[in-house]
Every structure is written in C-alpha cells, then in structure tokens.
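> Take this structure, written in structure tokens, and hold onto it; I'll ask about it next.
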Amino acid sequence: MKLIKSITLAGLAIAICAAMTLQSCNGGGGNASNNDSTKTEDNTVLGAGSSFDNPLFSKMFAEYNKTTGLKVNYQSVGSGAGILQLTNKTVDFGASDAPMNAKQDSAMSGTVVLHIPVTAGAVVLTYNLAEVKDTLKLTPDVLAGIFLGNIKKWNDAKIAAINKGVKLPNTDIIVVHRSDGSGTSNIFTTYLTKVSKEWETKVGKGSAVNWPAGQGGKGNEGVAGLVKQTPGGIGYVELAYAIQNNMTFAKMQNKAGNFIVASVASTSASANIQLPADSKVSLTNTEAADGYPITSFSWVLIYKEQKYNDRSVDKATKMLKLLQWVIHDGQQYSATLNYAPLPDAAVKVADNILKSATYDGKAVLQ
C-alpha cells in the first residue's frame with residue numbers, strides 16, 4: 001500500500017515537474033506566442049463599409065502592403081454596415097459615401113467620429129439594351145420618372161424625345177436598386193431629391209429608402225450583376241463597376257443643361273470646391289458646366305480618440321499613417337481606376353482632420 005502510494009506521489013511529482021519545465025521552456029514561448037498574436041493584430045488594420053470605394057481600396061492597400069508590410073483587411077459590405085461595425089468597435093475604420101446622419105451620430109453616445117475624405121467618384125446609370133448601340137441620354141425628370149415607376153417602357157415618348165434618331169425597343173424597364181444600407185444610394189437619392197419634387201415628396205433621400213419600383217441587389221457588385229443579366233434593366237453603380245463589367249452607361253444632363261459622360265475629368269470638375277472644416281459636403285447637382293451631376297466624395301470614418309478597446313498606440317499610429325498615405329501618395333492610383341484624385345483643397349482639409357486624432361488625449365501625427 002505504501003509502495004503504491006509512493007509510486008503515485010512520485011508520478012504526480014514528475015508530472016508537476018514536467019508541466020513546470022514545459023511552462024518554463026514555453027514561458028518565453030507562450031508569452032512569445034501571445035506577443036506574436038499582438039504583433040499580428042497590431043500589423044493588421046480592419047475596415048468595412050463602402051462598396052463604392054472597394055476597387056480603389058483593393059489597389060491602394062495592396063500597394064501600401066508592398067512597402068510597409070501592413071495588412072489591411074477591408075470588407076465591402078456597404079456604407080451602412082461599415083458605420084454599424086465602427087459603432088460596435090469591431091473594425092478600426094469604416095468607409096461611407098455619405099456623412100453620418102443624426103441617428104448614426106446618436107448611436108455613438110457622444111464619441112466624436114472624424115470624416116476623412118479619401119476619393120471622389122461618380123454614380124452612373126447603367127442599362128442593358130443590347131439592341132441599342134447609341135449612348136442614351138437621360139434628363140433629371142426622365143430619370144426620376146423611371147425610378148418612380150412612372151416610365152415603364154424604353155420607347156416611352158419622354159425617353160424618345162431626348163434621344164432623337166435612336167431606335168428604342170418596346171421593352172419593359174426593369175429598375176435595379178440597392179437592397180442594403182448604401183452610401184451609393186444616399187448619393188443617388190440625394191440627387192433625385194434635389195432635381196424632382198415628386199421624388200422628394202414620395203421617397204426622399206437616404207442610405208435606405210422605400211423604393212417605389214424595381215428589385216434589389218446587394219452592393220455595387222450586386223446591382224451591376226443584376227443589370228448585366230436582366231434585359232431592359234437599369235441601375236445605379238459607381239463608375240468603376242460599370243467599366244470593369246463592360247457595361248453601357250447613360251449621359252446625364254447637368255444643371256447647366258449639358259449632357260455629360262461620367263469620367264475622371266467630369267468628376268473632378270464637380271469636386272473642385274472648397275470643403276468645410278469637417279469635410280461634410282454634397283457634390284450632387286453641381287453648378288460646374290462641365291461637371292457630372294451625380295458625384296460624391298467618399299470618407300473613411302475613425303474615432304477621434306484612438307485609445308479604446310485596449311488598442312495600442314502603435315496600432316493607432318499605423319492606421320493613421322496608412323490614411324495619411326492614402327490622401328497623399330495613394331491618390332496616384334485613382335485616375336486609372338476611374339476615381340477623381342482629391343483636389344488640393346480637399347487634401348488640406350483631410351490632413352487637418354487626421355492630425356486632430358489623439359491617443360490618450362495627445363496628437364498622434366505631427
């Protein structure tokens with residue numbers, strides 16, 4: 001009995017010793033593993049939001065990674081979802097094609113969120129009419145009529161009147177809109193609210209509205225895909241998606257009465273304005289005679305105070321330096337992807353906003 005007890009105690013002692021030895025050997029290793037995890041976390045920035053920005057962000061973040069090693073994991077989930085994830089503090093930054101509204105601000109419980117303009121882009125009306133080889137023209141009135149469901153056929157007299165000489169088919173118009181909370185929708189509906197009293201009264205503006213007609217697609221990707229596979233379809237998407245998918249898009253009549261093709265140049269013309277200090281401004285229905293009328297800045301959203309959720313000052317610094325690069329050197333990738341580089345005035349405002357970000361009350365960037 002004593003022998004068995006001795007063996008048991010000896011075995012227990014050996015087990016404890018082994019465990020202690022293993023912990024001792026791994027003590028640095030275990031902590032190193034945690035440190036490696038922390039280092040990995042501090043070297044990866046999480047973002048979510050605007051699908052409008054996604055083609056540009058994909059390029060920018062890949063290029064930044066080549067020179068710095070910083071990884072950016074960006075989810076193209078729509079502006080509304082990006083703001084929600086920022087509110088829940090599950091990402092480091094959100095991205096939106098519309099400034100936060102009063103309801104979204106109130107959800108922040110007084111926490112200040114900075115809006116940093118990062119690009120300007122155009123929302124185009126892409127359509128699927130294989131038999132029509134000419135680029136169609138649309139006026140504000142006709143566009144509102146289509147999305148209100150009042151104009152139902154492609155050969156409607158109102159469409160024909162502004163497209164003289166174009167043989168229009170007797171095809172049903174199938175409206176495609178966003179199904180998710182979307183900054184692109186906010187840009188589009190803000191424009192329609194400015195140019196159509198009926199739209200303003202019946203529908204209004206916002207990231208999500210009660211659409212009078214049509215079917216929904218998730219993200220710019222979803223809308224582009226639905227239009228492409230739907231004869232007679234028409235939808236609104238960021239310019240890059242229409243071009244990448246080889247889709248036709250309409251010329252839009254602007255406030256000056258000119259029919260304008262969306263391009264880097266016509267977007268830049270609309271964006272060439274003086275921004276307010278907080279950068280929150282709408283570009284739709286531009287006064288510029290050569291400006292495309294459905295354009296917008298897009299913003300990255302971050303907390304002004306970066307010390308939260310056990311974030312390290314290193315993590316905050318890396319993210320802010322990334323955004324500083326985006327508004328400066330990163331702009332070189334805009335034009336080739338059909339986004340307008342930020343005007344100098346916008347870069348200056350964005351710089352000032354970034355430099356106002358703090359960690360434990362102290363400025364991070366100088």
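Lettering and numbering for the structure tokens are positional, with chains as A, B, ... in the shown order, residues counted from 1 in each chain, and ligands counted from 1 in the shown order.
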Check which residues of stretch 320-340 of chain A sit at most 9 Å from stretch 58-80 of chain A using only C-alpha atoms, and return one row each with the closest pair of atoms and their distance in Å to one decimal, ordered by chain and rising number, as a Markdown table.

```
| residue | atom | partner | partner_atom | distance |
| --- | --- | --- | --- | --- |
| A:Leu322 | CA | A:Tyr64 | CA | 7.6 |
| A:Trp325 | CA | A:Tyr64 | CA | 8.2 |
| A:Val326 | CA | A:Met60 | CA | 7.2 |
| A:Gly330 | CA | A:Met60 | CA | 6.0 |
| A:Gln331 | CA | A:Met60 | CA | 8.4 |
| A:Tyr333 | CA | A:Met60 | CA | 6.9 |
| A:Ser334 | CA | A:Met60 | CA | 8.8 |
| A:Leu337 | CA | A:Lys59 | CA | 8.9 |
```
> Which residues are near stretch 197-203 of chain A? Cut-off 12 Å, only C-alpha atoms, ignore same chain within fewer than 3 positions. Put them as a CSV table (one decimal) with all heavy atoms, in the first residue's frame.

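Listing of around37.csv after writing:
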```
chain,number,residue,atom,x,y,z
A,140,PRO,N,-32.8,64.8,-65.7
A,140,PRO,CA,-33.3,64.6,-64.3
A,140,PRO,C,-34.7,64.1,-64.2
A,140,PRO,O,-35.1,63.2,-63.5
A,140,PRO,CB,-33.0,65.9,-63.6
A,140,PRO,CG,-32.0,66.6,-64.4
A,140,PRO,CD,-32.2,66.1,-65.8
A,141,ASP,N,-35.6,64.8,-65.0
A,141,ASP,CA,-37.0,64.4,-65.0
A,141,ASP,C,-37.3,63.0,-65.4
A,141,ASP,O,-38.1,62.3,-64.8
A,141,ASP,CB,-37.8,65.4,-65.9
A,141,ASP,CG,-39.3,65.2,-65.9
A,141,ASP,OD1,-39.9,65.2,-64.8
A,141,ASP,OD2,-39.8,64.9,-67.0
A,142,VAL,N,-36.7,62.6,-66.5
A,142,VAL,CA,-36.9,61.2,-67.0
A,142,VAL,C,-36.3,60.2,-66.0
A,142,VAL,O,-36.9,59.2,-65.8
A,142,VAL,CB,-36.2,61.1,-68.4
A,142,VAL,CG1,-36.1,59.6,-68.8
A,142,VAL,CG2,-37.0,61.8,-69.5
A,143,LEU,N,-35.1,60.5,-65.5
A,143,LEU,CA,-34.5,59.6,-64.5
A,143,LEU,C,-35.4,59.4,-63.3
A,143,LEU,O,-35.6,58.2,-62.9
A,143,LEU,CB,-33.1,60.1,-64.1
A,143,LEU,CG,-32.4,59.2,-63.1
A,143,LEU,CD1,-32.1,57.8,-63.7
A,143,LEU,CD2,-31.1,59.9,-62.6
A,144,ALA,N,-35.9,60.4,-62.8
A,144,ALA,CA,-36.8,60.3,-61.6
A,144,ALA,C,-38.1,59.5,-62.0
A,144,ALA,O,-38.6,58.7,-61.3
A,144,ALA,CB,-37.2,61.7,-61.1
A,145,GLY,N,-38.6,59.8,-63.2
A,145,GLY,CA,-39.8,59.1,-63.7
A,145,GLY,C,-39.6,57.6,-63.8
A,145,GLY,O,-40.5,56.8,-63.5
A,146,ILE,N,-38.4,57.2,-64.2
A,146,ILE,CA,-38.1,55.8,-64.3
A,146,ILE,C,-38.0,55.1,-63.0
A,146,ILE,O,-38.6,54.1,-62.7
A,146,ILE,CB,-36.7,55.6,-65.1
A,146,ILE,CG1,-36.8,55.9,-66.6
A,146,ILE,CG2,-36.2,54.1,-64.9
A,146,ILE,CD1,-35.5,56.0,-67.3
A,147,PHE,N,-37.3,55.7,-62.0
A,147,PHE,CA,-37.2,55.1,-60.7
A,147,PHE,C,-38.4,55.3,-59.8
A,147,PHE,O,-38.6,54.5,-58.9
A,147,PHE,CB,-35.9,55.7,-60.0
A,147,PHE,CG,-34.7,54.9,-60.4
A,147,PHE,CD1,-34.0,55.2,-61.7
A,147,PHE,CD2,-34.2,53.9,-59.7
A,147,PHE,CE1,-32.9,54.5,-62.1
A,147,PHE,CE2,-33.0,53.2,-60.1
A,147,PHE,CZ,-32.4,53.5,-61.3
A,148,LEU,N,-39.3,56.2,-60.2
A,148,LEU,CA,-40.6,56.3,-59.5
A,148,LEU,C,-41.6,55.2,-60.0
A,148,LEU,O,-42.6,55.0,-59.4
A,148,LEU,CB,-41.2,57.7,-59.7
A,148,LEU,CG,-40.7,58.8,-58.8
A,148,LEU,CD1,-41.1,60.2,-59.4
A,148,LEU,CD2,-41.1,58.6,-57.4
A,149,GLY,N,-41.2,54.6,-61.2
A,149,GLY,CA,-42.1,53.6,-61.8
A,149,GLY,C,-43.1,54.2,-62.7
A,149,GLY,O,-44.0,53.6,-63.2
A,150,ASN,N,-43.0,55.5,-63.0
A,150,ASN,CA,-44.0,56.2,-63.9
A,150,ASN,C,-43.7,56.0,-65.4
A,150,ASN,O,-44.6,56.0,-66.2
A,150,ASN,CB,-43.9,57.7,-63.6
A,150,ASN,CG,-44.3,58.1,-62.2
A,150,ASN,OD1,-45.1,57.3,-61.6
A,150,ASN,ND2,-43.9,59.2,-61.7
A,186,ASN,N,-27.5,56.8,-51.1
A,186,ASN,CA,-27.6,58.1,-50.5
A,186,ASN,C,-27.2,59.2,-51.5
A,186,ASN,O,-27.9,60.2,-51.7
A,186,ASN,CB,-26.7,58.3,-49.2
A,186,ASN,CG,-27.0,59.6,-48.5
A,186,ASN,OD1,-28.0,59.7,-47.8
A,186,ASN,ND2,-26.2,60.6,-48.7
A,188,PHE,N,-27.3,58.9,-54.8
A,188,PHE,CA,-28.3,58.8,-55.9
A,188,PHE,C,-29.6,59.5,-55.4
A,188,PHE,O,-30.2,60.3,-56.2
A,188,PHE,CB,-28.5,57.4,-56.3
A,188,PHE,CG,-29.5,57.2,-57.5
A,188,PHE,CD1,-29.2,57.8,-58.7
A,188,PHE,CD2,-30.6,56.4,-57.3
A,188,PHE,CE1,-30.0,57.6,-59.8
A,188,PHE,CE2,-31.5,56.3,-58.4
A,188,PHE,CZ,-31.2,56.9,-59.6
A,189,THR,N,-30.1,59.1,-54.3
A,189,THR,CA,-31.4,59.7,-53.8
A,189,THR,C,-31.3,61.1,-53.4
A,189,THR,O,-32.3,61.9,-53.5
A,189,THR,CB,-32.0,58.8,-52.6
A,189,THR,OG1,-31.1,58.8,-51.5
A,189,THR,CG2,-32.3,57.4,-53.1
A,190,THR,N,-30.1,61.5,-52.9
A,190,THR,CA,-29.9,63.0,-52.6
A,190,THR,C,-30.0,63.8,-53.9
A,190,THR,O,-30.6,64.8,-54.0
A,190,THR,CB,-28.5,63.2,-52.0
A,190,THR,OG1,-28.5,62.5,-50.7
A,190,THR,CG2,-28.3,64.7,-51.8
A,191,TYR,N,-29.4,63.2,-55.0
A,191,TYR,CA,-29.5,63.9,-56.3
A,191,TYR,C,-31.0,64.0,-56.7
A,191,TYR,O,-31.4,65.0,-57.1
A,191,TYR,CB,-28.7,63.1,-57.3
A,191,TYR,CG,-28.9,63.6,-58.7
A,191,TYR,CD1,-28.4,64.8,-59.2
A,191,TYR,CD2,-29.7,62.9,-59.6
A,191,TYR,CE1,-28.7,65.3,-60.5
A,191,TYR,CE2,-29.9,63.3,-60.9
A,191,TYR,CZ,-29.4,64.5,-61.3
A,191,TYR,OH,-29.7,65.0,-62.6
A,192,LEU,N,-31.7,62.8,-56.7
A,192,LEU,CA,-33.1,62.8,-57.2
A,192,LEU,C,-33.9,63.8,-56.3
A,192,LEU,O,-34.9,64.4,-56.9
A,192,LEU,CB,-33.7,61.4,-57.1
A,192,LEU,CG,-33.1,60.4,-58.1
A,192,LEU,CD1,-33.7,59.1,-57.9
A,192,LEU,CD2,-33.4,60.9,-59.6
A,193,THR,N,-33.7,63.9,-55.0
A,193,THR,CA,-34.4,64.8,-54.2
A,193,THR,C,-34.2,66.3,-54.6
A,193,THR,O,-35.1,67.1,-54.5
A,193,THR,CB,-34.0,64.6,-52.7
A,193,THR,OG1,-34.3,63.3,-52.3
A,193,THR,CG2,-34.7,65.5,-51.8
A,194,LYS,N,-33.0,66.6,-55.0
A,194,LYS,CA,-32.7,67.9,-55.5
A,194,LYS,C,-33.3,68.3,-56.8
A,194,LYS,O,-33.6,69.5,-57.0
A,194,LYS,CB,-31.1,68.1,-55.6
A,194,LYS,CG,-30.4,68.1,-54.3
A,194,LYS,CD,-28.9,68.3,-54.6
A,194,LYS,CE,-28.1,68.4,-53.3
A,194,LYS,NZ,-26.6,68.6,-53.5
A,206,GLY,N,-31.7,59.1,-48.6
A,206,GLY,CA,-31.1,58.3,-47.5
A,206,GLY,C,-30.3,57.1,-48.0
A,206,GLY,O,-30.3,56.8,-49.2
A,207,SER,N,-29.6,56.4,-47.1
A,207,SER,CA,-28.9,55.2,-47.4
A,207,SER,C,-29.8,54.1,-47.7
A,207,SER,O,-29.4,53.1,-48.4
A,207,SER,CB,-27.9,54.9,-46.3
A,207,SER,OG,-27.0,55.9,-46.1
A,208,ALA,N,-31.0,54.1,-47.2
A,208,ALA,CA,-32.0,53.1,-47.4
A,208,ALA,C,-33.4,53.8,-47.5
A,208,ALA,O,-33.7,54.6,-46.6
A,208,ALA,CB,-32.0,52.0,-46.3
A,209,VAL,N,-34.1,53.6,-48.6
A,209,VAL,CA,-35.4,54.2,-48.8
A,209,VAL,C,-36.4,53.2,-49.2
A,209,VAL,O,-36.1,52.0,-49.5
A,209,VAL,CB,-35.4,55.4,-49.8
A,209,VAL,CG1,-34.4,56.5,-49.4
A,209,VAL,CG2,-35.0,54.8,-51.2
A,210,ASN,N,-37.7,53.5,-49.2
A,210,ASN,CA,-38.7,52.7,-49.7
A,210,ASN,C,-38.9,52.9,-51.2
A,210,ASN,O,-39.5,53.8,-51.6
A,210,ASN,CB,-40.1,52.9,-49.0
A,210,ASN,CG,-40.1,52.5,-47.5
A,210,ASN,OD1,-39.5,51.5,-47.2
A,210,ASN,ND2,-40.7,53.3,-46.7
A,211,TRP,N,-38.2,52.0,-51.9
A,211,TRP,CA,-38.2,52.2,-53.4
A,211,TRP,C,-39.6,51.9,-54.0
A,211,TRP,O,-40.2,50.9,-53.7
A,211,TRP,CB,-37.2,51.2,-54.0
A,211,TRP,CG,-35.8,51.4,-53.6
A,211,TRP,CD1,-35.1,50.8,-52.5
A,211,TRP,CD2,-34.9,52.4,-54.1
A,211,TRP,NE1,-33.9,51.4,-52.4
A,211,TRP,CE2,-33.7,52.3,-53.4
A,211,TRP,CE3,-35.0,53.3,-55.2
A,211,TRP,CZ2,-32.6,53.2,-53.6
A,211,TRP,CZ3,-33.9,54.2,-55.4
A,211,TRP,CH2,-32.7,54.1,-54.7
A,212,PRO,N,-40.0,52.8,-54.9
A,212,PRO,CA,-41.3,52.7,-55.5
A,212,PRO,C,-41.4,51.6,-56.5
A,212,PRO,O,-42.5,51.1,-56.9
A,212,PRO,CB,-41.6,54.1,-56.2
A,212,PRO,CG,-40.5,55.0,-55.6
A,212,PRO,CD,-39.4,54.1,-55.2
A,213,ALA,N,-40.3,51.2,-57.1
A,213,ALA,CA,-40.3,50.2,-58.1
A,213,ALA,C,-39.0,49.4,-58.1
A,213,ALA,O,-38.0,49.9,-57.6
A,213,ALA,CB,-40.4,50.9,-59.5
```
> Enter the distance from atom CA of A:Met108 to atom CA of A:Asp314, in Å, rounded to one decimal.
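Between atom CA of A:Met108 and atom CA of A:Asp314 the gap is 24.1 Å.
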> Which is closer to A:Thr139 than all the others in A:Ile162, A:Val176, A:Leu168, A:Leu125, using only C-alpha atoms?
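Using only C-alpha atoms, the shortest distance to A:Thr139 belongs to A:Ile162.
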> Restricting the calculation to only C-alpha atoms: of A:Asp278, A:Asp92, A:Asp310, A:Glu131, which residue gets closest to A:Val349?
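The closest residue to A:Val349 is A:Asp278.
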> Work out how far atom CA of A:Ala335 is from atom CA of A:Val264, in Å to one decimal.
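According to the coordinates, atom CA of A:Val264 and atom CA of A:Ala335 are separated by 6.3 Å.
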> Would you list the contacts of A:Arg178 as a PDB file with N, CA and C atoms, in the first residue's frame, taking every protein, DNA or RNA residue within 10 Å and counting only C-alpha atoms, but skipping same-chain residues closer than 3 positions in sequence?

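What ended up in part-v2.pdb:
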```
ATOM      1  N   GLY A  78     -21.017  47.668 -47.703  1.00  0.00           N
ATOM      2  CA  GLY A  78     -21.947  48.779 -47.789  1.00  0.00           C
ATOM      3  C   GLY A  78     -21.708  49.787 -46.670  1.00  0.00           C
ATOM      4  N   GLY A 181     -28.152  48.996 -46.836  1.00  0.00           N
ATOM      5  CA  GLY A 181     -27.882  50.380 -46.490  1.00  0.00           C
ATOM      6  C   GLY A 181     -26.643  50.847 -47.230  1.00  0.00           C
ATOM      7  N   SER A 182     -26.777  51.890 -48.029  1.00  0.00           N
ATOM      8  CA  SER A 182     -25.744  52.176 -49.016  1.00  0.00           C
ATOM      9  C   SER A 182     -25.469  53.664 -49.167  1.00  0.00           C
ATOM     10  N   GLY A 183     -24.186  54.020 -49.128  1.00  0.00           N
ATOM     11  CA  GLY A 183     -23.805  55.390 -49.426  1.00  0.00           C
ATOM     12  C   GLY A 183     -24.070  55.735 -50.878  1.00  0.00           C
ATOM     13  N   THR A 184     -23.929  54.760 -51.765  1.00  0.00           N
ATOM     14  CA  THR A 184     -24.233  54.999 -53.182  1.00  0.00           C
ATOM     15  C   THR A 184     -25.701  55.360 -53.343  1.00  0.00           C
ATOM     16  N   SER A 185     -26.570  54.672 -52.604  1.00  0.00           N
ATOM     17  CA  SER A 185     -27.998  55.019 -52.624  1.00  0.00           C
ATOM     18  C   SER A 185     -28.213  56.425 -52.090  1.00  0.00           C
ATOM     19  N   SER A 207     -29.645  56.430 -47.099  1.00  0.00           N
ATOM     20  CA  SER A 207     -28.885  55.229 -47.448  1.00  0.00           C
ATOM     21  C   SER A 207     -29.801  54.054 -47.734  1.00  0.00           C
ATOM     22  N   ALA A 208     -31.008  54.098 -47.170  1.00  0.00           N
ATOM     23  CA  ALA A 208     -32.028  53.087 -47.442  1.00  0.00           C
ATOM     24  C   ALA A 208     -33.370  53.797 -47.507  1.00  0.00           C
ATOM     25  N   VAL A 209     -34.122  53.592 -48.586  1.00  0.00           N
ATOM     26  CA  VAL A 209     -35.435  54.226 -48.764  1.00  0.00           C
ATOM     27  C   VAL A 209     -36.448  53.169 -49.193  1.00  0.00           C
ATOM     28  N   TRP A 211     -38.239  51.991 -51.931  1.00  0.00           N
ATOM     29  CA  TRP A 211     -38.195  52.159 -53.389  1.00  0.00           C
ATOM     30  C   TRP A 211     -39.578  51.935 -53.999  1.00  0.00           C
ATOM     31  N   GLY A 214     -38.993  48.232 -58.739  1.00  0.00           N
ATOM     32  CA  GLY A 214     -37.763  47.510 -59.025  1.00  0.00           C
ATOM     33  C   GLY A 214     -37.392  46.421 -58.052  1.00  0.00           C
ATOM     34  N   GLN A 215     -36.196  45.894 -58.265  1.00  0.00           N
ATOM     35  CA  GLN A 215     -35.657  44.805 -57.455  1.00  0.00           C
ATOM     36  C   GLN A 215     -34.299  45.199 -56.905  1.00  0.00           C
ATOM     37  N   GLY A 216     -33.913  44.573 -55.781  1.00  0.00           N
ATOM     38  CA  GLY A 216     -32.697  44.983 -55.101  1.00  0.00           C
ATOM     39  C   GLY A 216     -31.522  44.050 -55.297  1.00  0.00           C
ATOM     40  N   GLY A 217     -30.327  44.627 -55.305  1.00  0.00           N
ATOM     41  CA  GLY A 217     -29.078  43.869 -55.347  1.00  0.00           C
ATOM     42  C   GLY A 217     -28.164  44.377 -54.254  1.00  0.00           C
ATOM     43  N   LYS A 218     -27.384  43.490 -53.648  1.00  0.00           N
ATOM     44  CA  LYS A 218     -26.510  43.878 -52.540  1.00  0.00           C
ATOM     45  C   LYS A 218     -25.182  44.398 -53.061  1.00  0.00           C
ATOM     46  N   GLY A 219     -24.844  45.605 -52.652  1.00  0.00           N
ATOM     47  CA  GLY A 219     -23.582  46.202 -53.050  1.00  0.00           C
ATOM     48  C   GLY A 219     -23.600  46.675 -54.496  1.00  0.00           C
ATOM     49  N   ASN A 220     -22.606  47.500 -54.839  1.00  0.00           N
ATOM     50  CA  ASN A 220     -22.442  47.886 -56.239  1.00  0.00           C
ATOM     51  C   ASN A 220     -22.272  46.641 -57.111  1.00  0.00           C
ATOM     52  N   GLU A 221     -21.580  45.629 -56.540  1.00  0.00           N
ATOM     53  CA  GLU A 221     -21.358  44.380 -57.269  1.00  0.00           C
ATOM     54  C   GLU A 221     -22.692  43.709 -57.627  1.00  0.00           C
ATOM     55  N   GLY A 222     -23.608  43.684 -56.651  1.00  0.00           N
ATOM     56  CA  GLY A 222     -24.899  43.033 -56.856  1.00  0.00           C
ATOM     57  C   GLY A 222     -25.758  43.740 -57.875  1.00  0.00           C
ATOM     58  N   VAL A 223     -25.786  45.075 -57.812  1.00  0.00           N
ATOM     59  CA  VAL A 223     -26.578  45.848 -58.774  1.00  0.00           C
ATOM     60  C   VAL A 223     -26.011  45.679 -60.187  1.00  0.00           C
ATOM     61  N   GLY A 235     -29.782  50.368 -63.563  1.00  0.00           N
ATOM     62  CA  GLY A 235     -29.428  50.514 -62.159  1.00  0.00           C
ATOM     63  C   GLY A 235     -28.335  51.555 -61.991  1.00  0.00           C
ATOM     64  N   TYR A 236     -28.095  51.939 -60.762  1.00  0.00           N
ATOM     65  CA  TYR A 236     -27.068  52.943 -60.468  1.00  0.00           C
ATOM     66  C   TYR A 236     -25.892  52.256 -59.762  1.00  0.00           C
ATOM     67  N   VAL A 237     -24.693  52.493 -60.279  1.00  0.00           N
ATOM     68  CA  VAL A 237     -23.487  51.914 -59.696  1.00  0.00           C
ATOM     69  C   VAL A 237     -22.339  52.912 -59.801  1.00  0.00           C
TER      70      VAL A 237
END
```
> So which one's closest to A:Val45, A:Ser179, A:Pro341, A:Gln324, A:Thr317? Using only C-alpha atoms, please.
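Among the listed residues, A:Thr317 lies closest to A:Val45.
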> Using only C-alpha atoms for the distances, tell me which of A:Asp329, A:Asp180, A:Glu238, A:Glu305 is nearest to A:Leu114.
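Going through A:Asp329, A:Asp180, A:Glu238, A:Glu305 one by one, the smallest distance to A:Leu114 is for A:Glu305.
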> Name the residues in contact with A:Lys348 at a cut-off of 10 Å, using only C-alpha atoms, excluding same-chain residues fewer than 5 positions from it; report them as a PyMOL selection string.
chain A and resi 275+277+327-328+342-343+353
> Quick check for you: according to DSSP on this backbone, which residues of stretch 135-245 of chain A are classed as alpha helix (DSSP H)? Reply as a PyMOL selection string.
chain A and resi 140-148+157-161+183-195+197-202+219-228+239-244
> Using only C-alpha atoms, pick whichever of A:Gln274, A:Thr286, A:Asn338, A:Ser312 has the shortest atom-to-atom distance to A:Tyr359.
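Smallest separation from A:Tyr359 among the options: A:Ser312.
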> I'd like to know which of A:Ile174, A:Leu283, A:Met100, A:Val364 is closest to A:Ala316, using only C-alpha atoms.
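Checking each candidate against A:Ala316, we get A:Val364 as the closest.
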> Which residues, written as an NGL selection string, have at least one atom at most 12 Å from A:Ser109, with only C-alpha atoms counted and residues fewer than 5 positions away on the same chain left out?
:A and (87-88 or 102-104)
> Counting only C-alpha atoms, what is within 7 Å of stretch 246-250 of chain A, bar same-chain residues fewer than 4 positions away, as a short mmCIF file (atom, residue, chain, number, x, y, z; two decimals) with N, CA and C atoms, in the first residue's frame?

```cif
data_model
loop_
_atom_site.label_atom_id
_atom_site.label_comp_id
_atom_site.auth_asym_id
_atom_site.auth_seq_id
_atom_site.Cartn_x
_atom_site.Cartn_y
_atom_site.Cartn_z
N VAL A 124 -23.17 56.17 -61.91
CA VAL A 124 -23.70 56.19 -63.28
C VAL A 124 -24.95 55.32 -63.39
N LEU A 125 -25.72 55.61 -64.44
CA LEU A 125 -26.92 54.82 -64.75
C LEU A 125 -26.55 53.84 -65.84
N THR A 126 -26.39 52.59 -65.45
CA THR A 126 -26.01 51.56 -66.41
C THR A 126 -27.25 50.79 -66.82
N TYR A 127 -27.32 50.41 -68.09
CA TYR A 127 -28.53 49.76 -68.60
C TYR A 127 -28.16 48.62 -69.53
N THR A 135 -25.26 55.71 -77.16
CA THR A 135 -25.29 56.01 -75.73
C THR A 135 -26.52 56.85 -75.43
N LEU A 136 -27.38 56.35 -74.57
CA LEU A 136 -28.62 57.06 -74.27
C LEU A 136 -28.35 58.30 -73.42
N LYS A 137 -29.23 59.28 -73.59
CA LYS A 137 -29.22 60.48 -72.77
C LYS A 137 -30.38 60.40 -71.78
N LEU A 138 -30.14 60.90 -70.58
CA LEU A 138 -31.20 60.97 -69.58
C LEU A 138 -31.22 62.37 -68.97
N ALA A 242 -19.20 49.78 -63.62
CA ALA A 242 -19.73 49.75 -64.98
C ALA A 242 -18.63 49.49 -65.99
#
```
> Give me, as a ChimeraX atom specification, the residues of stretch 191-244 of chain A that a backbone DSSP run labels strand (DSSP E).
/A:215-217,233-238
> Just the residues within 10 Å of A:Ala288, please, counting only C-alpha atoms, with nothing from its chain fewer than 6 positions along; format it as a PyMOL selection string.
chain A and resi 254-256+266+269-273
